[in-house]
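Peer 1: Below you'll find data_7.cif; it's mmCIF, C-alpha atoms and all ligand atoms.
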data_structure
#
loop_
_atom_site.label_atom_id
_atom_site.label_comp_id
_atom_site.auth_asym_id
_atom_site.auth_seq_id
_atom_site.Cartn_x
_atom_site.Cartn_y
_atom_site.Cartn_z
CA MET A 2 -15.53 -120.99 -107.81
CA ALA A 3 -16.80 -119.95 -104.37
CA ALA A 4 -14.56 -120.12 -101.31
CA GLN A 5 -14.76 -123.38 -99.40
CA GLU A 6 -16.16 -121.69 -96.23
CA GLU A 7 -19.09 -120.27 -98.18
CA LEU A 8 -20.13 -123.79 -99.10
CA GLU A 9 -20.08 -125.24 -95.57
CA LEU A 10 -23.38 -126.91 -94.66
CA ASP A 11 -23.77 -125.08 -91.36
CA THR A 12 -23.78 -121.68 -93.08
CA LEU A 13 -27.34 -122.62 -94.14
CA GLU A 14 -30.08 -121.57 -91.77
CA GLY A 15 -31.70 -124.70 -90.33
CA VAL A 16 -28.58 -126.86 -90.39
CA GLY A 17 -27.45 -127.44 -86.82
CA PRO A 18 -24.77 -129.88 -85.68
CA VAL A 19 -27.18 -132.86 -85.62
CA THR A 20 -28.53 -132.31 -89.13
CA LYS A 21 -25.01 -131.65 -90.36
CA GLN A 22 -23.81 -134.94 -88.94
CA LYS A 23 -26.74 -136.84 -90.44
CA LEU A 24 -26.13 -135.30 -93.84
CA GLU A 25 -22.44 -136.11 -93.67
CA GLU A 26 -23.19 -139.69 -92.78
CA SER A 27 -25.06 -139.87 -96.11
CA GLY A 28 -22.13 -138.41 -98.01
CA ILE A 29 -23.48 -134.83 -98.18
CA TYR A 30 -20.61 -132.58 -97.11
CA THR A 31 -21.19 -129.26 -98.84
CA ILE A 32 -23.99 -127.04 -100.10
CA MET A 33 -23.09 -128.21 -103.61
CA ASP A 34 -23.66 -131.84 -102.56
CA LEU A 35 -26.99 -130.88 -101.02
CA ALA A 36 -28.16 -129.01 -104.12
CA ALA A 37 -27.18 -131.96 -106.31
CA ARG A 38 -29.34 -134.49 -104.41
CA GLY A 39 -32.98 -135.40 -104.78
CA VAL A 40 -35.60 -134.79 -102.06
CA GLY A 41 -35.99 -138.52 -101.40
CA GLU A 42 -32.31 -138.99 -100.69
CA VAL A 43 -31.98 -135.96 -98.43
CA ALA A 44 -35.14 -136.96 -96.56
CA GLU A 45 -33.68 -140.42 -96.01
CA ALA A 46 -30.57 -138.83 -94.53
CA ILE A 47 -32.56 -136.75 -92.01
CA ASN A 48 -35.01 -139.36 -90.72
CA GLY A 49 -37.58 -139.15 -93.51
CA ASP A 50 -38.63 -135.53 -93.07
CA SER A 51 -39.28 -134.64 -96.70
CA ALA A 52 -40.67 -131.17 -95.97
CA LYS A 53 -37.41 -130.25 -94.26
CA ALA A 54 -35.45 -131.95 -97.05
CA THR A 55 -37.19 -129.82 -99.68
CA GLU A 56 -36.56 -126.70 -97.63
CA LEU A 57 -32.86 -127.50 -97.25
CA ILE A 58 -32.41 -128.23 -100.95
CA ASN A 59 -34.17 -125.00 -101.90
CA LYS A 60 -31.99 -123.04 -99.49
CA ALA A 61 -28.89 -124.70 -100.92
CA ARG A 62 -29.95 -123.83 -104.46
CA ALA A 63 -30.75 -120.25 -103.44
CA LYS A 64 -27.30 -119.92 -101.87
CA LEU A 65 -25.68 -121.23 -105.06
CA SER A 66 -27.67 -118.70 -107.10
CA GLU A 67 -26.43 -115.93 -104.80
CA LEU A 68 -22.89 -117.14 -105.38
CA GLY A 69 -23.50 -117.12 -109.13
CA ILE A 70 -23.04 -120.90 -109.46
CA LEU A 71 -26.66 -121.65 -110.39
CA SER A 72 -29.09 -119.44 -112.33
CA LYS A 73 -31.81 -117.71 -110.34
CA ASP A 74 -35.42 -118.88 -110.65
CA PHE A 75 -36.36 -115.83 -112.65
CA VAL A 76 -33.76 -114.52 -115.06
CA SER A 77 -33.91 -112.25 -118.06
CA ALA A 78 -33.30 -113.85 -121.42
CA LYS A 79 -30.30 -111.56 -121.71
CA GLU A 80 -28.83 -112.95 -118.51
CA LEU A 81 -29.50 -116.48 -119.72
CA PHE A 82 -27.80 -115.69 -122.98
CA LYS A 83 -24.78 -114.39 -121.09
CA LYS A 84 -24.77 -117.50 -118.90
CA ARG A 85 -24.91 -119.72 -121.98
CA GLN A 86 -21.93 -117.89 -123.41
CA SER A 87 -19.92 -118.98 -120.36
CA ILE A 88 -20.57 -122.63 -121.26
CA GLU A 89 -17.38 -124.43 -122.22
CA ARG A 90 -17.01 -127.11 -124.87
CA ILE A 91 -14.87 -130.20 -125.28
CA THR A 92 -13.85 -131.29 -128.77
CA THR A 93 -14.95 -134.80 -129.73
CA GLY A 94 -11.87 -135.24 -131.91
CA ALA A 95 -13.76 -134.80 -135.20
CA LYS A 96 -14.67 -131.40 -136.61
CA SER A 97 -17.82 -132.79 -138.19
CA LEU A 98 -19.11 -134.12 -134.86
CA ASP A 99 -18.11 -130.90 -133.08
CA ASP A 100 -20.12 -128.92 -135.63
CA LEU A 101 -23.11 -131.13 -135.03
CA LEU A 102 -22.86 -130.33 -131.31
CA GLY A 103 -22.37 -126.61 -131.89
CA GLY A 104 -18.66 -126.72 -131.06
CA GLY A 105 -18.25 -129.82 -128.90
CA VAL A 106 -19.69 -131.45 -125.79
CA GLU A 107 -21.12 -128.80 -123.42
CA THR A 108 -20.44 -128.28 -119.73
CA GLY A 109 -23.50 -127.95 -117.49
CA ALA A 110 -25.46 -130.41 -119.62
CA VAL A 111 -26.02 -134.11 -120.18
CA THR A 112 -25.10 -135.43 -123.62
CA GLU A 113 -26.28 -138.88 -124.52
CA PHE A 114 -24.76 -141.04 -127.26
CA TYR A 115 -26.95 -143.95 -128.18
CA GLY A 116 -26.73 -146.66 -130.79
CA GLU A 117 -26.28 -150.35 -131.44
CA PHE A 118 -23.33 -152.38 -130.19
CA GLY A 119 -20.16 -151.44 -132.05
CA SER A 120 -21.59 -148.09 -133.17
CA GLY A 121 -18.75 -146.26 -131.41
CA LYS A 122 -20.29 -145.07 -128.12
CA SER A 123 -17.39 -146.25 -125.94
CA GLN A 124 -14.88 -144.99 -128.51
CA VAL A 125 -16.41 -141.51 -128.25
CA CYS A 126 -16.10 -141.75 -124.44
CA HIS A 127 -12.45 -142.87 -124.58
CA THR A 128 -11.60 -140.04 -126.96
CA LEU A 129 -13.35 -137.39 -124.83
CA SER A 130 -11.40 -138.53 -121.73
CA VAL A 131 -8.27 -137.59 -123.69
CA THR A 132 -9.47 -134.42 -125.46
CA VAL A 133 -10.86 -132.82 -122.26
CA GLN A 134 -7.22 -132.65 -121.14
CA LEU A 135 -6.05 -130.66 -124.18
CA PRO A 136 -5.21 -126.96 -123.84
CA LYS A 137 -8.18 -124.66 -124.40
CA ASP A 138 -6.92 -123.42 -127.78
CA GLN A 139 -6.97 -127.03 -128.98
CA GLY A 140 -10.53 -127.72 -127.90
CA GLY A 141 -9.89 -129.08 -124.40
CA LEU A 142 -10.54 -127.74 -120.91
CA GLU A 143 -7.16 -128.58 -119.35
CA ALA A 144 -9.01 -130.82 -116.90
CA GLY A 145 -9.42 -134.48 -116.02
CA ALA A 146 -12.22 -137.00 -116.49
CA ILE A 147 -14.13 -139.51 -114.39
CA TYR A 148 -15.10 -142.66 -116.30
CA VAL A 149 -17.86 -144.73 -114.71
CA ASP A 150 -17.53 -148.08 -116.44
CA THR A 151 -20.61 -150.26 -116.02
CA GLU A 152 -19.86 -152.81 -118.74
CA GLY A 153 -16.17 -153.47 -118.08
CA THR A 154 -15.21 -152.00 -121.45
CA PHE A 155 -12.83 -149.22 -120.37
CA ARG A 156 -9.37 -149.92 -121.86
CA PRO A 157 -6.33 -147.94 -120.64
CA GLU A 158 -4.38 -149.33 -123.64
CA ARG A 159 -6.82 -147.57 -125.94
CA ILE A 160 -6.34 -144.30 -124.03
CA ALA A 161 -2.56 -144.72 -124.48
CA GLU A 162 -2.98 -145.36 -128.21
CA ILE A 163 -5.24 -142.31 -128.70
CA SER A 164 -2.85 -140.12 -126.68
CA GLU A 165 0.22 -141.22 -128.64
CA ALA A 166 -1.53 -140.74 -131.99
CA ARG A 167 -2.38 -137.21 -130.87
CA GLY A 168 1.20 -136.46 -129.80
CA LEU A 169 0.36 -136.46 -126.07
CA ASP A 170 2.16 -138.15 -123.18
CA PRO A 171 0.10 -141.30 -122.42
CA ALA A 172 1.32 -141.50 -118.81
CA LYS A 173 0.11 -137.97 -118.06
CA ILE A 174 -3.20 -138.52 -119.81
CA LEU A 175 -3.87 -141.81 -118.00
CA ASP A 176 -3.04 -140.12 -114.71
CA ASN A 177 -5.92 -137.66 -115.16
CA ILE A 178 -8.65 -140.22 -115.80
CA ILE A 179 -10.32 -141.65 -112.71
CA VAL A 180 -12.06 -144.94 -113.44
CA ALA A 181 -14.91 -146.30 -111.32
CA LYS A 182 -16.30 -149.72 -112.10
CA ALA A 183 -19.97 -150.11 -111.26
CA TYR A 184 -21.07 -153.68 -110.59
CA ASN A 185 -24.82 -153.16 -110.43
CA SER A 186 -27.34 -150.31 -110.55
CA ALA A 187 -27.19 -149.65 -106.80
CA HIS A 188 -23.40 -149.45 -106.99
CA GLN A 189 -23.68 -147.13 -109.99
CA GLU A 190 -25.96 -144.83 -107.97
CA LEU A 191 -23.55 -144.92 -105.05
CA ILE A 192 -20.64 -143.94 -107.29
CA ILE A 193 -22.60 -141.05 -108.74
CA ARG A 194 -23.39 -139.81 -105.22
CA GLU A 195 -19.65 -139.75 -104.49
CA VAL A 196 -18.78 -138.08 -107.77
CA GLY A 197 -19.30 -134.53 -106.44
CA ARG A 198 -16.47 -134.89 -103.98
CA GLN A 199 -14.17 -136.34 -106.64
CA ILE A 200 -14.96 -133.40 -108.93
CA GLU A 201 -14.09 -130.97 -106.15
CA SER A 202 -10.88 -132.67 -105.08
CA SER A 203 -9.45 -133.43 -108.52
CA LYS A 204 -9.75 -130.96 -111.37
CA VAL A 205 -12.48 -132.70 -113.36
CA LYS A 206 -14.64 -131.23 -116.13
CA LEU A 207 -16.04 -134.40 -117.68
CA VAL A 208 -17.97 -137.31 -116.14
CA ILE A 209 -18.80 -140.31 -118.32
CA VAL A 210 -21.29 -143.06 -117.54
CA ASP A 211 -20.77 -145.87 -120.08
CA SER A 212 -23.46 -147.23 -120.08
CA ALA A 213 -26.11 -145.42 -118.03
CA VAL A 214 -28.82 -147.96 -118.73
CA ALA A 215 -27.21 -151.42 -119.01
CA HIS A 216 -27.53 -152.41 -115.34
CA TYR A 217 -31.15 -151.31 -115.10
CA ARG A 218 -31.93 -153.20 -118.23
CA ALA A 219 -30.28 -156.38 -116.94
CA GLU A 220 -31.77 -156.19 -113.45
CA PHE A 221 -35.36 -155.33 -114.28
CA LEU A 222 -36.56 -157.92 -116.72
CA GLY A 223 -40.12 -158.42 -117.85
CA ARG A 224 -43.13 -156.18 -117.97
CA GLY A 225 -43.94 -156.37 -114.26
CA THR A 226 -40.73 -154.58 -113.31
CA LEU A 227 -40.82 -151.96 -116.05
CA ALA A 228 -42.41 -149.26 -113.89
CA GLU A 229 -39.82 -149.69 -111.17
CA ARG A 230 -37.00 -149.67 -113.70
CA GLN A 231 -38.24 -146.44 -115.25
CA GLN A 232 -38.58 -144.87 -111.81
CA ARG A 233 -35.04 -145.78 -110.78
CA LEU A 234 -33.66 -144.70 -114.12
CA ASN A 235 -35.60 -141.45 -113.90
CA ARG A 236 -34.06 -140.74 -110.51
CA PHE A 237 -30.60 -141.55 -111.83
CA MET A 238 -30.94 -139.32 -114.90
CA HIS A 239 -32.18 -136.37 -112.82
CA GLN A 240 -29.34 -136.90 -110.39
CA ILE A 241 -26.70 -136.66 -113.13
CA LEU A 242 -28.40 -133.62 -114.66
CA ARG A 243 -28.23 -131.84 -111.29
CA ILE A 244 -24.56 -132.78 -110.96
CA ALA A 245 -23.80 -131.37 -114.42
CA GLU A 246 -25.56 -128.12 -113.48
CA VAL A 247 -24.25 -127.67 -109.96
CA TYR A 248 -20.62 -128.53 -110.68
CA GLY A 249 -20.56 -127.09 -114.21
CA ILE A 250 -19.12 -130.26 -115.70
CA ALA A 251 -19.94 -132.04 -118.95
CA MET A 252 -21.88 -135.25 -118.30
CA VAL A 253 -21.73 -137.83 -121.09
CA VAL A 254 -23.80 -141.01 -120.97
CA THR A 255 -24.21 -143.88 -123.39
CA ASN A 256 -27.31 -145.90 -124.05
CA GLN A 257 -27.86 -149.07 -126.02
CA VAL A 258 -30.66 -149.45 -128.50
CA GLN A 259 -32.77 -152.53 -128.79
CA SER A 260 -34.64 -153.62 -131.83
CA SER A 261 -38.36 -153.60 -131.22
CA PRO A 262 -40.37 -155.96 -133.38
CA ASP A 263 -43.47 -153.78 -133.25
CA PHE A 264 -41.74 -150.85 -134.89
CA PHE A 265 -42.23 -150.99 -138.67
CA PHE A 266 -41.55 -147.43 -139.79
CA GLY A 267 -38.34 -145.43 -139.68
CA ASP A 268 -35.31 -146.77 -137.91
CA PRO A 269 -36.14 -150.14 -136.33
CA THR A 270 -34.26 -149.31 -133.17
CA ARG A 271 -34.98 -147.11 -130.22
CA ALA A 272 -33.06 -146.06 -127.13
CA THR A 273 -33.49 -148.35 -124.16
CA GLY A 274 -34.49 -145.96 -121.40
CA GLY A 275 -37.54 -144.85 -123.37
CA HIS A 276 -39.02 -141.49 -122.47
CA VAL A 277 -37.16 -141.22 -119.19
CA VAL A 278 -33.75 -140.85 -120.76
CA ALA A 279 -35.04 -138.82 -123.68
CA HIS A 280 -36.55 -136.19 -121.40
CA THR A 281 -33.63 -135.61 -119.11
CA SER A 282 -30.72 -135.73 -121.59
CA THR A 283 -30.02 -132.26 -122.82
CA TYR A 284 -28.58 -133.52 -126.10
CA ARG A 285 -29.07 -136.90 -127.73
CA ILE A 286 -26.87 -138.17 -130.53
CA TYR A 287 -27.76 -141.30 -132.40
CA LEU A 288 -24.73 -143.21 -133.74
CA ARG A 289 -24.69 -145.85 -136.40
CA LYS A 290 -22.18 -147.74 -138.49
CA ALA A 291 -21.88 -147.12 -142.21
CA ALA A 292 -19.30 -149.01 -144.26
CA LYS A 293 -15.95 -147.73 -142.97
CA SER A 294 -17.30 -144.74 -141.13
CA ARG A 295 -19.84 -143.71 -138.51
CA ILE A 296 -22.87 -141.48 -138.83
CA ALA A 297 -24.04 -139.24 -136.01
CA ARG A 298 -27.43 -137.61 -135.87
CA MET A 299 -28.58 -134.95 -133.42
CA VAL A 300 -32.02 -135.91 -132.12
CA ASP A 301 -34.49 -133.69 -130.20
CA SER A 302 -32.08 -130.85 -129.48
CA PRO A 303 -33.67 -127.65 -128.13
CA TYR A 304 -31.80 -125.56 -130.67
CA HIS A 305 -29.70 -127.61 -133.09
CA PRO A 306 -31.22 -128.48 -136.46
CA GLU A 307 -31.69 -132.20 -136.89
CA ARG A 308 -28.97 -133.34 -139.29
CA GLU A 309 -26.33 -136.01 -139.76
CA VAL A 310 -22.55 -135.92 -140.01
CA VAL A 311 -19.87 -138.50 -140.79
CA PHE A 312 -16.84 -139.32 -138.67
CA VAL A 313 -14.41 -142.23 -138.41
CA ILE A 314 -12.75 -144.22 -135.64
CA ASP A 315 -9.02 -144.75 -136.00
CA ASN A 316 -5.85 -144.71 -133.89
CA LYS A 317 -6.66 -141.14 -132.80
CA GLY A 318 -10.04 -142.31 -131.52
CA VAL A 319 -12.82 -140.22 -133.02
CA ASP A 320 -11.45 -138.52 -136.13
CA ASP A 321 -12.50 -136.61 -139.22
CA PRO A 322 -13.10 -138.65 -142.35
CA SER A 323 -10.33 -138.43 -144.96
CA GLU A 324 -10.76 -135.93 -147.79
CA ASP A 325 -12.27 -138.33 -150.30
CA MET A 326 -15.17 -139.28 -148.02
CA PRO A 327 -18.39 -137.27 -147.90
CA LYS A 328 -18.45 -135.07 -144.77
CA ARG A 329 -22.11 -134.44 -144.40
CA ARG A 330 -25.36 -136.09 -145.16
CA GLY A 331 -28.74 -134.55 -145.71
CA GLY A 332 -31.30 -134.24 -142.90
CA SER A 333 -33.10 -137.27 -141.56
P1 LIG B 1 -21.43 -151.57 -127.10
O1 LIG B 1 -22.90 -151.26 -127.16
O2 LIG B 1 -21.15 -153.01 -127.34
O3 LIG B 1 -20.78 -151.05 -125.87
P2 LIG B 1 -20.14 -149.39 -128.52
O4 LIG B 1 -21.07 -148.53 -129.27
O5 LIG B 1 -19.62 -148.89 -127.23
O6 LIG B 1 -20.77 -150.84 -128.37
P3 LIG B 1 -17.42 -149.27 -129.35
O7 LIG B 1 -16.75 -150.17 -128.40
O8 LIG B 1 -17.33 -147.81 -129.10
O9 LIG B 1 -18.94 -149.71 -129.49
O10 LIG B 1 -16.90 -149.52 -130.82
C1 LIG B 1 -16.21 -150.67 -131.17
C2 LIG B 1 -15.73 -150.48 -132.59
O11 LIG B 1 -14.76 -149.43 -132.64
C3 LIG B 1 -15.01 -151.68 -133.11
O12 LIG B 1 -15.92 -152.57 -133.69
C4 LIG B 1 -14.09 -151.09 -134.16
O13 LIG B 1 -14.81 -150.95 -135.36
C5 LIG B 1 -13.83 -149.68 -133.65
N1 LIG B 1 -12.47 -149.57 -133.08
C6 LIG B 1 -12.08 -149.85 -131.85
N2 LIG B 1 -10.76 -149.64 -131.69
C7 LIG B 1 -10.30 -149.20 -132.87
C8 LIG B 1 -9.03 -148.81 -133.37
N3 LIG B 1 -7.95 -148.82 -132.61
N4 LIG B 1 -8.95 -148.42 -134.65
C9 LIG B 1 -10.02 -148.38 -135.44
N5 LIG B 1 -11.26 -148.75 -135.03
C10 LIG B 1 -11.40 -149.15 -133.78
MG MG B 2 -19.57 -149.66 -125.31
#
Could you render the structure from this file as structure tokens?
Ligand code: ATP
Ligand code: MG

Peer 2:
Amino acid sequence: MAAQEELELDTLEGVGPVTKQKLEESGIYTIMDLAARGVGEVAEAINGDSAKATELINKARAKLSELGILSKDFVSAKELFKKRQSIERITTGAKSLDDLLGGGVETGAVTEFYGEFGSGKSQVCHTLSVTVQLPKDQGGLEAGAIYVDTEGTFRPERIAEISEARGLDPAKILDNIIVAKAYNSAHQELIIREVGRQIESSKVKLVIVDSAVAHYRAEFLGRGTLAERQQRLNRFMHQILRIAEVYGIAMVVTNQVQSSPDFFFGDPTRATGGHVVAHTSTYRIYLRKAAKSRIARMVDSPYHPEREVVFVIDNKGVDDPSEDMPKRRGGS
């Protein structure tokens, strides 16, 4: 991590006291904050000058590349490979699901779990908030979590149960999970804008948004509002991807599926955000219920083969199926 002084806004050329104050009034305090924002937001902060906003963001990103926090614009594949080897992973609690993800949920990326109600999305999120705190040799990152709860389904009791079942001290585990309730999409966006500072001040390596899409879906009903919904959702998804990159944290989002009557082939469900979510999530995992267990499928990954694994939900949260259950299913 770079020294705090190196990340001060006024170390950037073009940021005088007035600009600095304006940025701070919009919650942008450091170069990391600046690099994590979109042009529209930064322009809004500095009186609508989008050319200057773009310039400032580019300078911020260049500075972060210099400091080794972000990759440069042009890098050799070897360098990229090295950078990817520095990616850390958080165990999901089940070996099968970890395997599917190539070792667990990645830092610096957005991982989306989508599926029907009751498919286990929130259970995965609860479990990850515990496992991120485990020592590194047990699949954790020895760090805390931020849980953005948009549906009012976060349950501290469940965290306590999962912790106890895993032989951990529930009080300590609960202490390292920061919960933010989002009441509507605008509030959700506001919380995400503040998340950078929380990550910096507490030791956080995992940010969860459960669910990323629910508020947008509830607020923008009908065909006439679809374009606006997709635009807002698009902005939100890009924002969280930048946060994952800039702060090097794992971003996990959930997404409901809706049945669509005009879909006759394959699985009669699709993720709500449509193409917007699909194109910004780095990894997408489709969850579904099957008898006593759950099935997870990796969809559209840049490098994982598309296949399915089985896991269960029990008092430990996400867990491996018992020996007598099949561990793997064929491809899709
Ligand atoms: P929604 O779209 O409604 O938010 P979801 O995908 O988030 O749904 P979850 O809340 O993760 O769904 O899953 C709920 C299911 O998890 C329950 O129906 C139950 O089967 C299982 N579950 C929850 N707690 C336990 C527990 N302590 N032990 C075993 N299974 C549990
Ligand atoms: Mg849920």

Peer 1: Using only C-alpha atoms and all ligand atoms for the distances, tell me which of A:Glu14, A:Asp211, A:Glu89, A:Glu67 is nearest to ligand LIG 1 (chain B).

Peer 2: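 Of all the options, A:Asp211 lies closest to ligand LIG 1 (chain B).
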
Peer 1: What is the distance, in Å and to one decimal place, between CA of Gln22 in chain A and CA of His188 in chain A?

Peer 2: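 According to the coordinates, CA of Gln22 in chain A and CA of His188 in chain A are separated by 23.2 Å.
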
Peer 1: Taking a cut-off of 7 Å and counting all atoms listed in the file, can you build a table that, for each residue of chain A near ligand LIG 1 (chain B), reports the nearest atom pair and how far apart they are in Å (one decimal), sorted by chain then residue number, as a tab-separated table?

Peer 2:
residue	atom	partner	partner_atom	distance
A:Gly116	CA	B:LIG1	O4	6.2
A:Glu117	CA	B:LIG1	O1	5.5
A:Phe118	CA	B:LIG1	O1	3.3
A:Gly119	CA	B:LIG1	O9	3.3
A:Ser120	CA	B:LIG1	O4	4.0
A:Gly121	CA	B:LIG1	O8	3.1
A:Lys122	CA	B:LIG1	O4	3.7
A:Ser123	CA	B:LIG1	O8	3.5
A:Gln124	CA	B:LIG1	O8	3.8
A:Val125	CA	B:LIG1	O8	6.4
A:Arg159	CA	B:LIG1	N3	6.9
A:Gln257	CA	B:LIG1	O1	5.5
A:Ile314	CA	B:LIG1	N5	4.8
A:Asp315	CA	B:LIG1	C9	3.8
A:Asn316	CA	B:LIG1	N3	4.8
A:Gly318	CA	B:LIG1	C8	6.8

Peer 1: Compile the contact shell of range 91-107 of chain A as a PyMOL selection string: residues with an atom at most 9 Å away, counting only C-alpha atoms, same-chain residues fewer than 4 positions apart removed.

Peer 2: chain A and resi 111-112+125-126+128-129+132-133+135+137+139-142+207+250-253+284+286+297-299+305-313+317-322+328-329

Peer 1: May I ask which of the residues A:Glu113, A:Ser203, A:Leu234, A:Asn48 is the closest one to Tyr287 in chain A, counting all atoms listed in the file?

Peer 2: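 Closest residue, counting all atoms listed in the file: A:Glu113.
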
Peer 1: Set the distance at 12 Å and use all atoms listed in the file: which residues neighbour Leu68 in chain A once local chain neighbours fewer than 6 positions away are removed? I'd like the list as a ChimeraX atom specification.

Peer 2: /A:2-5,7-8,32-33,61-62,247

Peer 1: For Gln189 in chain A, please output as a compact mmCIF listing (two decimals) with C-alpha atoms, in the coordinates of the input all residues within 9 Å (counting all atoms listed in the file; exclusion window: fewer than 4 positions along the same chain).

Peer 2:
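Now in selection_31.txt:
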# COMPACT_ATOMS: atom_id res chain seq x y z
CA VAL A 149 -17.86 -144.73 -114.71
CA ASP A 150 -17.53 -148.08 -116.44
CA THR A 151 -20.61 -150.26 -116.02
CA ALA A 181 -14.91 -146.30 -111.32
CA LYS A 182 -16.30 -149.72 -112.10
CA ALA A 183 -19.97 -150.11 -111.26
CA TYR A 184 -21.07 -153.68 -110.59
CA ASN A 185 -24.82 -153.16 -110.43
CA ILE A 193 -22.60 -141.05 -108.74
CA ARG A 194 -23.39 -139.81 -105.22
CA VAL A 210 -21.29 -143.06 -117.54
CA ALA A 213 -26.11 -145.42 -118.03
CA HIS A 216 -27.53 -152.41 -115.34

Peer 1: From the list A:Ala146, A:Val208, A:Ala166, A:Ile179, which residue is nearest Ile244 in chain A when using only C-alpha atoms?

Peer 2: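 Closest to Ile244 in chain A of all the choices is A:Val208.
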
Peer 1: Return the single residue from A:Gly49, A:Gly17, A:Gly197, A:Gly153 that is closest to ligand MG 2 (chain B), with distances computed using only C-alpha atoms and all ligand atoms.

Peer 2: A:Gly153

Peer 1: In terms of the shortest atom-to-atom distance over all atoms listed in the file, which of A:Gln134, A:Ser323, A:Gln199, A:Ser186 is closest to Leu169 in chain A?

Peer 2: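 Closest to Leu169 in chain A of all the choices is A:Gln134.
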
Peer 1: Could you state the separation of CA of Lys173 in chain A and CA of Ala161 in chain A in Å, given to one decimal place?

Peer 2: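 Computing it gives 9.7 Å between the two atoms.
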
Peer 1: Which one of A:Glu158, A:Asp170, A:Asp11, A:Glu220 sits closest to Lys60 in chain A if you count all atoms listed in the file?

Peer 2: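 For Lys60 in chain A, the nearest of the given residues is A:Asp11.
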
Peer 1: Env of range 38-43 of chain A: 10 Å cut, atoms = only C-alpha atoms, seq-sep filter 2 positions within chain, self excluded. Answer as an mmCIF file with C-alpha atoms, in the coordinates of the input.

Peer 2:
data_model
loop_
_atom_site.group_PDB
_atom_site.id
_atom_site.type_symbol
_atom_site.label_atom_id
_atom_site.label_comp_id
_atom_site.auth_asym_id
_atom_site.auth_seq_id
_atom_site.Cartn_x
_atom_site.Cartn_y
_atom_site.Cartn_z
ATOM 1 C CA LYS A 23 -26.740 -136.840 -90.440
ATOM 2 C CA LEU A 24 -26.130 -135.300 -93.840
ATOM 3 C CA SER A 27 -25.060 -139.870 -96.110
ATOM 4 C CA ILE A 29 -23.480 -134.830 -98.180
ATOM 5 C CA MET A 33 -23.090 -128.210 -103.610
ATOM 6 C CA ASP A 34 -23.660 -131.840 -102.560
ATOM 7 C CA LEU A 35 -26.990 -130.880 -101.020
ATOM 8 C CA ALA A 36 -28.160 -129.010 -104.120
ATOM 9 C CA GLU A 45 -33.680 -140.420 -96.010
ATOM 10 C CA ALA A 46 -30.570 -138.830 -94.530
ATOM 11 C CA ILE A 47 -32.560 -136.750 -92.010
ATOM 12 C CA ASN A 48 -35.010 -139.360 -90.720
ATOM 13 C CA GLY A 49 -37.580 -139.150 -93.510
ATOM 14 C CA ASP A 50 -38.630 -135.530 -93.070
ATOM 15 C CA SER A 51 -39.280 -134.640 -96.700
ATOM 16 C CA ALA A 52 -40.670 -131.170 -95.970
ATOM 17 C CA LYS A 53 -37.410 -130.250 -94.260
ATOM 18 C CA ALA A 54 -35.450 -131.950 -97.050
ATOM 19 C CA THR A 55 -37.190 -129.820 -99.680
ATOM 20 C CA GLU A 56 -36.560 -126.700 -97.630
ATOM 21 C CA LEU A 57 -32.860 -127.500 -97.250
ATOM 22 C CA ILE A 58 -32.410 -128.230 -100.950
ATOM 23 C CA ASN A 59 -34.170 -125.000 -101.900
ATOM 24 C CA ARG A 194 -23.390 -139.810 -105.220
ATOM 25 C CA ARG A 236 -34.060 -140.740 -110.510
ATOM 26 C CA PHE A 237 -30.600 -141.550 -111.830
ATOM 27 C CA HIS A 239 -32.180 -136.370 -112.820
ATOM 28 C CA GLN A 240 -29.340 -136.900 -110.390
ATOM 29 C CA ILE A 241 -26.700 -136.660 -113.130
ATOM 30 C CA ARG A 243 -28.230 -131.840 -111.290
ATOM 31 C CA ILE A 244 -24.560 -132.780 -110.960
#

Peer 1: Report as a ChimeraX atom specification all protein, DNA and RNA residues lying within 12 Å of Arg85 in chain A, evaluated on all atoms listed in the file, omitting residues in the same chain fewer than 4 positions from it.

Peer 2: /A:71-72,78-81,89-90,107-110,246,249

Peer 1: For a test of reading the model, state the distance in Å between CA of Thr154 in chain A and CA of Val254 in chain A, rounded to one decimal.

Peer 2: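 Separation between CA of Thr154 in chain A and CA of Val254 in chain A: 14.0 Å.
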
Peer 1: In the coordinates of the file, take the point (-30.3, -133.0, -126.1) and a cut-off of 7 Å; then, counting only C-alpha atoms, name each qualifying protein, DNA or RNA residue as a list in words.

Peer 2: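 Nearby residues: Thr112, Ser282, Thr283, Tyr284, Arg285, Val300, Asp301, Ser302 and Pro303 of chain A.
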
Peer 1: Range 42-59 of chain A, all listed atoms, 4 Å padding on each side: what axis-aligned box centre and edge lengths in Å to one decimal come out, as lines of an AutoDock Vina configuration file?

Peer 2:
center_x = -35.6
center_y = -132.7
center_z = -96.3
size_x = 18.1
size_y = 23.4
size_z = 19.2
